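Here is the structure we will look at.
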Amino acid sequence: MTLAMELFQFQQDAASQMADRFVDYADEPIVMGRRASARDVPFYQALSSITGSGKTAILAQAVSEIVALSEIPPVILWLSKGKVVVQQSYANLADGGKYDHLLPDITVRLLSEYDPEDVANSSEALLYFATVGTFNQRDRENSNLRIFAFDTDDIESTRWEALKARETADGQRRPLVVVYDEAQNLSDQQTTLLLEQQPAVFLLASATLRFPAQFDTEVIQPLRQQGGYKDEDLITSVRSSTVVASGLVKGMISLDGLNAPMEETVSEMLSDMREAEEDAKAEGLSFVPKAIYVCNTNVLAHDASQTDDPKQPFDQRQAPPILIWRYLTEQCGVPAEEVAVYADLKTHKDFPLPADFTLLSGGERDYEEFVAGDYRHIIFNQTLQEGWDDPSVYFAYVDRTMDSSVQITQVVGRVLRQPGATHYESDHLNTAHFYVRVDRNDSFSQVVDEVRRGLGGDAPEVRILTSPPGSEEPESLVPKEWRTVPRTAIDNKPTLRPVEKVLAKVHDYSQDALNTRGKGRRRTVRQEIGSDEAADTEWVDFEQSNRVNARWVFRREVARRYRPALMVMNTDESKFDARVGVGSSAYSALAENAADAVDEYLRYAVVKQLKPKPYAVGSTLVRRSGMDTFRNALHEGYDGLNELERRFARAIDETGLPWARNRSQTGYKIPLVSIGQTVWFFPDFLVWTGERVICVDTKGSHLVESEGRRKLLSIRPHMDVPTTVEVKFVSEGTWKPDGTPDGKDGFSLLELGSGRDFKQLPFDDLEELARSFRADVSWPEGVAVESDAPGHGESRRGSRAETSTTLDTLNERKGP
């Protein structure tokens, strides 16, 4: 049985936002047309998120919440263009799949199994998977597709007509929820057929949102024009930084442009691939990096206007896949059993391919064989197999010469996923490597622009290293010495009793008929007969008939605030079986209880050091032309430093202490015990001094107050680990006792005082501040800056007057 995959906080947030917007819209849907022809415009929500962010999990959670919040259990039609995508989604969400726990009260089947008897008699929601090819034919009367097949034994009309009815045993019509994964494939024809079903909900997901004119006219424009909806109301966007920080995707993209022969380009890629293999072996990883090759298929490698003739000896053929295969196996020593050509390469029976040449030209028909082969080098044509997602693919050769129409965006998606959803010590293993063969420099510029668009626009959170043809390439710098930092984790034990106290206060609504009555508000339109004046509108209350489980309400609200807290929320008591109305006072009270429980969890949860396998600083990718060099850093130098980071790095280097630049999103990380979409903190610098490792973040004064609440952490040491981990901020300027900036002169070192108060030390310059890190330097007691954050169960520092006196004393010691 497949292990269940828990949602990340950003996935929960996105799913709940979609469900909340559905509830708001269901109270007041937009109506098109008049009288008999009037129809409700379906609720529409697009999910915009980069490849690898777990869109299937987000959609499944959103569907589950929409089902729970619906008055009548709906029918869900889950669609995608590709058969492989549908098969994978079905396997993940059906019984035993890694996401089946996200659909606890939903029956999952294939659309070919649709039966009106199930719809009529089941008390659960029903989810059916299908490819759009199942129904996407204009002439349905002549269609031999199973969805339109007439089956008098089971269905009295076609399945398509039966799906339109969706009647329960008591004659009610079930709402239809349409989920379309990879929705960039939605067409006008598909839109027309789907609208025939009068769906109540459209959930469309894609890394690159674009929809056909028919969908825009029939759904999006009415919502904008009549409902006043804006793009931000219709799109649930997931920030790429959140996805990268979760570890689901690689944190860097290296784009090397080469105006060189295929052999030279591939040779360079294989050299870097061998380095990545060594890094993976050194870290004891269970996978080896793979590479894909994307090129034209049945043309001449040197002239795309001419077709390669399959009726000639193999060693005379000039098709790019054959030339790449021959170079890998004959010149580079790659075993033929590790190479597959997954393309519609033309062959002729009189001129067979070599016996060890693996050709998979059947597309989806060959997919299972392709996956079973576990090939390390895969040669594709311009269209990659949709749905194939292997996180161990790190390298891609892309031929963009002769105005090739290869779409770089789909290639990015195949290389962006991160194995094990874990970032590693070596930057090689956190980077998607692309080697793009071009014949013009402006072609490479187009590739870079396409990559940025493929990431959902400008995504600064994903570091993109570009090397145009003829320019300097990024270099991997290994550390000068071995240095480690103890890993950290959240300790839940201190939270158990405080959370139990909150749970004990939750009211039992099982016998309450008044407070569990759901309430909603609906806008009505009143028009005087014969009057030309504009219609009056007013909001009126109405009773919601749909009820949900108290346990579901409580756990949903906990997950929306801080999902990791669910681990300590024991809701097995019978009082959580009570049914409460959506919008009722009981629903609101349960939401408040959940918020209180999360607050108590966050107040008492502790970040602690771990003993096993500390984090080891690995290699880093830099471009020498933009690199600052240092004497005492673990690496020869670093690029991409901003001015404050550069000044601090120079100052800490002068102290003689060993230190390292810590890469955002891919370096050493510390868990955050606070509400927010990001769950990890990546400090800018690591400094070793005595038996301490100081994690330093350089912050502008405008960020200290906001980010200090989350990132200035107190980390509990481990009794068997001699090294301790401390977190400090370095900021320009000094601070008043109330936490507001006090001028721009000098610098401040901030850390966590007792409770969650800030403690700050002012310095005249960064050099003096950096020297205070030395273990042999003593320094005065710091100044507390009052904070509103909860105190992890500890008492606050003294009064405001006391902290003010301490500041004055410290200034006297420092002198004018």
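As shown in the structure tokens, the chain order sets the letters A, B, ...; within each chain, residues go from 1, and ligands are also counted from 1 in the order they appear.
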
Between segment 66-120 of chain A and segment 579-599 of chain A, at 10 Å or less, what are the per-residue closest atom pairs and their distances in Å? Count only C-alpha atoms, order by chain and rising residue number, and return it as JSON lines.
```
{"residue": "A:Ala68", "atom": "CA", "partner": "A:Val582", "partner_atom": "CA", "distance": 9.8}
{"residue": "A:Leu69", "atom": "CA", "partner": "A:Val582", "partner_atom": "CA", "distance": 7.2}
{"residue": "A:Ser70", "atom": "CA", "partner": "A:Val582", "partner_atom": "CA", "distance": 9.5}
{"residue": "A:Glu71", "atom": "CA", "partner": "A:Val582", "partner_atom": "CA", "distance": 9.7}
```

Write the selection just made, keeping N, CA and C atoms, as a CSV table (one decimal), in the first residue's frame?
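What ended up in part-v2.csv:
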```
chain,number,residue,atom,x,y,z
A,68,ALA,N,-17.9,18.8,1.1
A,68,ALA,CA,-18.4,18.9,2.5
A,68,ALA,C,-19.3,20.1,2.6
A,69,LEU,N,-19.1,21.2,1.9
A,69,LEU,CA,-19.8,22.4,2.0
A,69,LEU,C,-21.0,22.5,1.1
A,70,SER,N,-21.3,21.4,0.3
A,70,SER,CA,-22.4,21.4,-0.6
A,70,SER,C,-23.6,20.8,0.0
A,71,GLU,N,-24.8,21.3,-0.3
A,71,GLU,CA,-26.0,20.8,0.2
A,71,GLU,C,-26.3,19.4,-0.3
```

Q.
Rounded to one decimal, what separation in Å do you get between atom CA of Ile58 of chain A and atom CA of Ala130 of chain A?
A.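 Calculated distance between atom CA of Ile58 of chain A and atom CA of Ala130 of chain A is 18.8 Å.
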
(Q) I'd like the neighbourhood of Glu500 of chain A as a list in words, where a residue qualifies if any of its atoms comes within 9 Å (using only C-alpha atoms), though same-chain residues fewer than 6 positions away should be ignored. (A)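 Surrounding residues, per the criterion: Val568, Met569, Asn570 and Ala597 of chain A.
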
Q | Secondary structure check, helix (DSSP H, G or I) residues of segment 61-299 of chain A, as number ranges by chain | A | A: 61-68, 83-93, 100-102, 111-113, 116-121, 132-134, 140-142, 146-148, 159-165, 183-185, 188-196, 213-225, 231-234, 240-246, 262-282

Q: Name the residues in contact with Lys728 of chain A at a cut-off of 6 Å, using only C-alpha atoms, excluding same-chain residues fewer than 5 positions from it; report them as a list in words.
A: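 Once the adjacent positions are removed, what remains is Val696, Leu750 and Glu751 of chain A.
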
Which residues are near Val341 of chain A? Cut-off 10 Å, only C-alpha atoms, ignore same chain within fewer than 6 positions. Put them as an mmCIF file with C-alpha atoms, in the first residue's frame.
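Dumped to part.cif:
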```cif
data_model
loop_
_atom_site.group_PDB
_atom_site.id
_atom_site.type_symbol
_atom_site.label_atom_id
_atom_site.label_comp_id
_atom_site.auth_asym_id
_atom_site.auth_seq_id
_atom_site.Cartn_x
_atom_site.Cartn_y
_atom_site.Cartn_z
ATOM 1 C CA ILE A 292 16.785 13.960 -21.419
ATOM 2 C CA TYR A 293 17.535 15.049 -24.982
ATOM 3 C CA THR A 297 13.076 13.613 -35.187
ATOM 4 C CA PRO A 321 17.916 10.965 -32.318
ATOM 5 C CA ILE A 322 20.129 8.446 -34.110
ATOM 6 C CA ILE A 324 22.707 11.418 -30.340
ATOM 7 C CA TRP A 325 22.269 7.684 -29.614
ATOM 8 C CA PHE A 357 18.593 0.252 -29.970
ATOM 9 C CA THR A 358 15.488 0.822 -27.799
ATOM 10 C CA LEU A 359 12.803 2.655 -29.794
ATOM 11 C CA LEU A 360 9.473 3.454 -28.140
ATOM 12 C CA SER A 361 7.371 5.087 -30.851
ATOM 13 C CA PHE A 370 9.163 3.063 -20.925
ATOM 14 C CA TYR A 375 16.382 4.563 -18.592
ATOM 15 C CA HIS A 377 19.235 8.838 -21.045
ATOM 16 C CA ILE A 378 15.967 9.492 -22.871
ATOM 17 C CA ILE A 379 15.841 11.017 -26.347
ATOM 18 C CA PHE A 380 12.509 12.715 -27.060
ATOM 19 C CA ASN A 381 11.090 14.430 -30.091
#
```
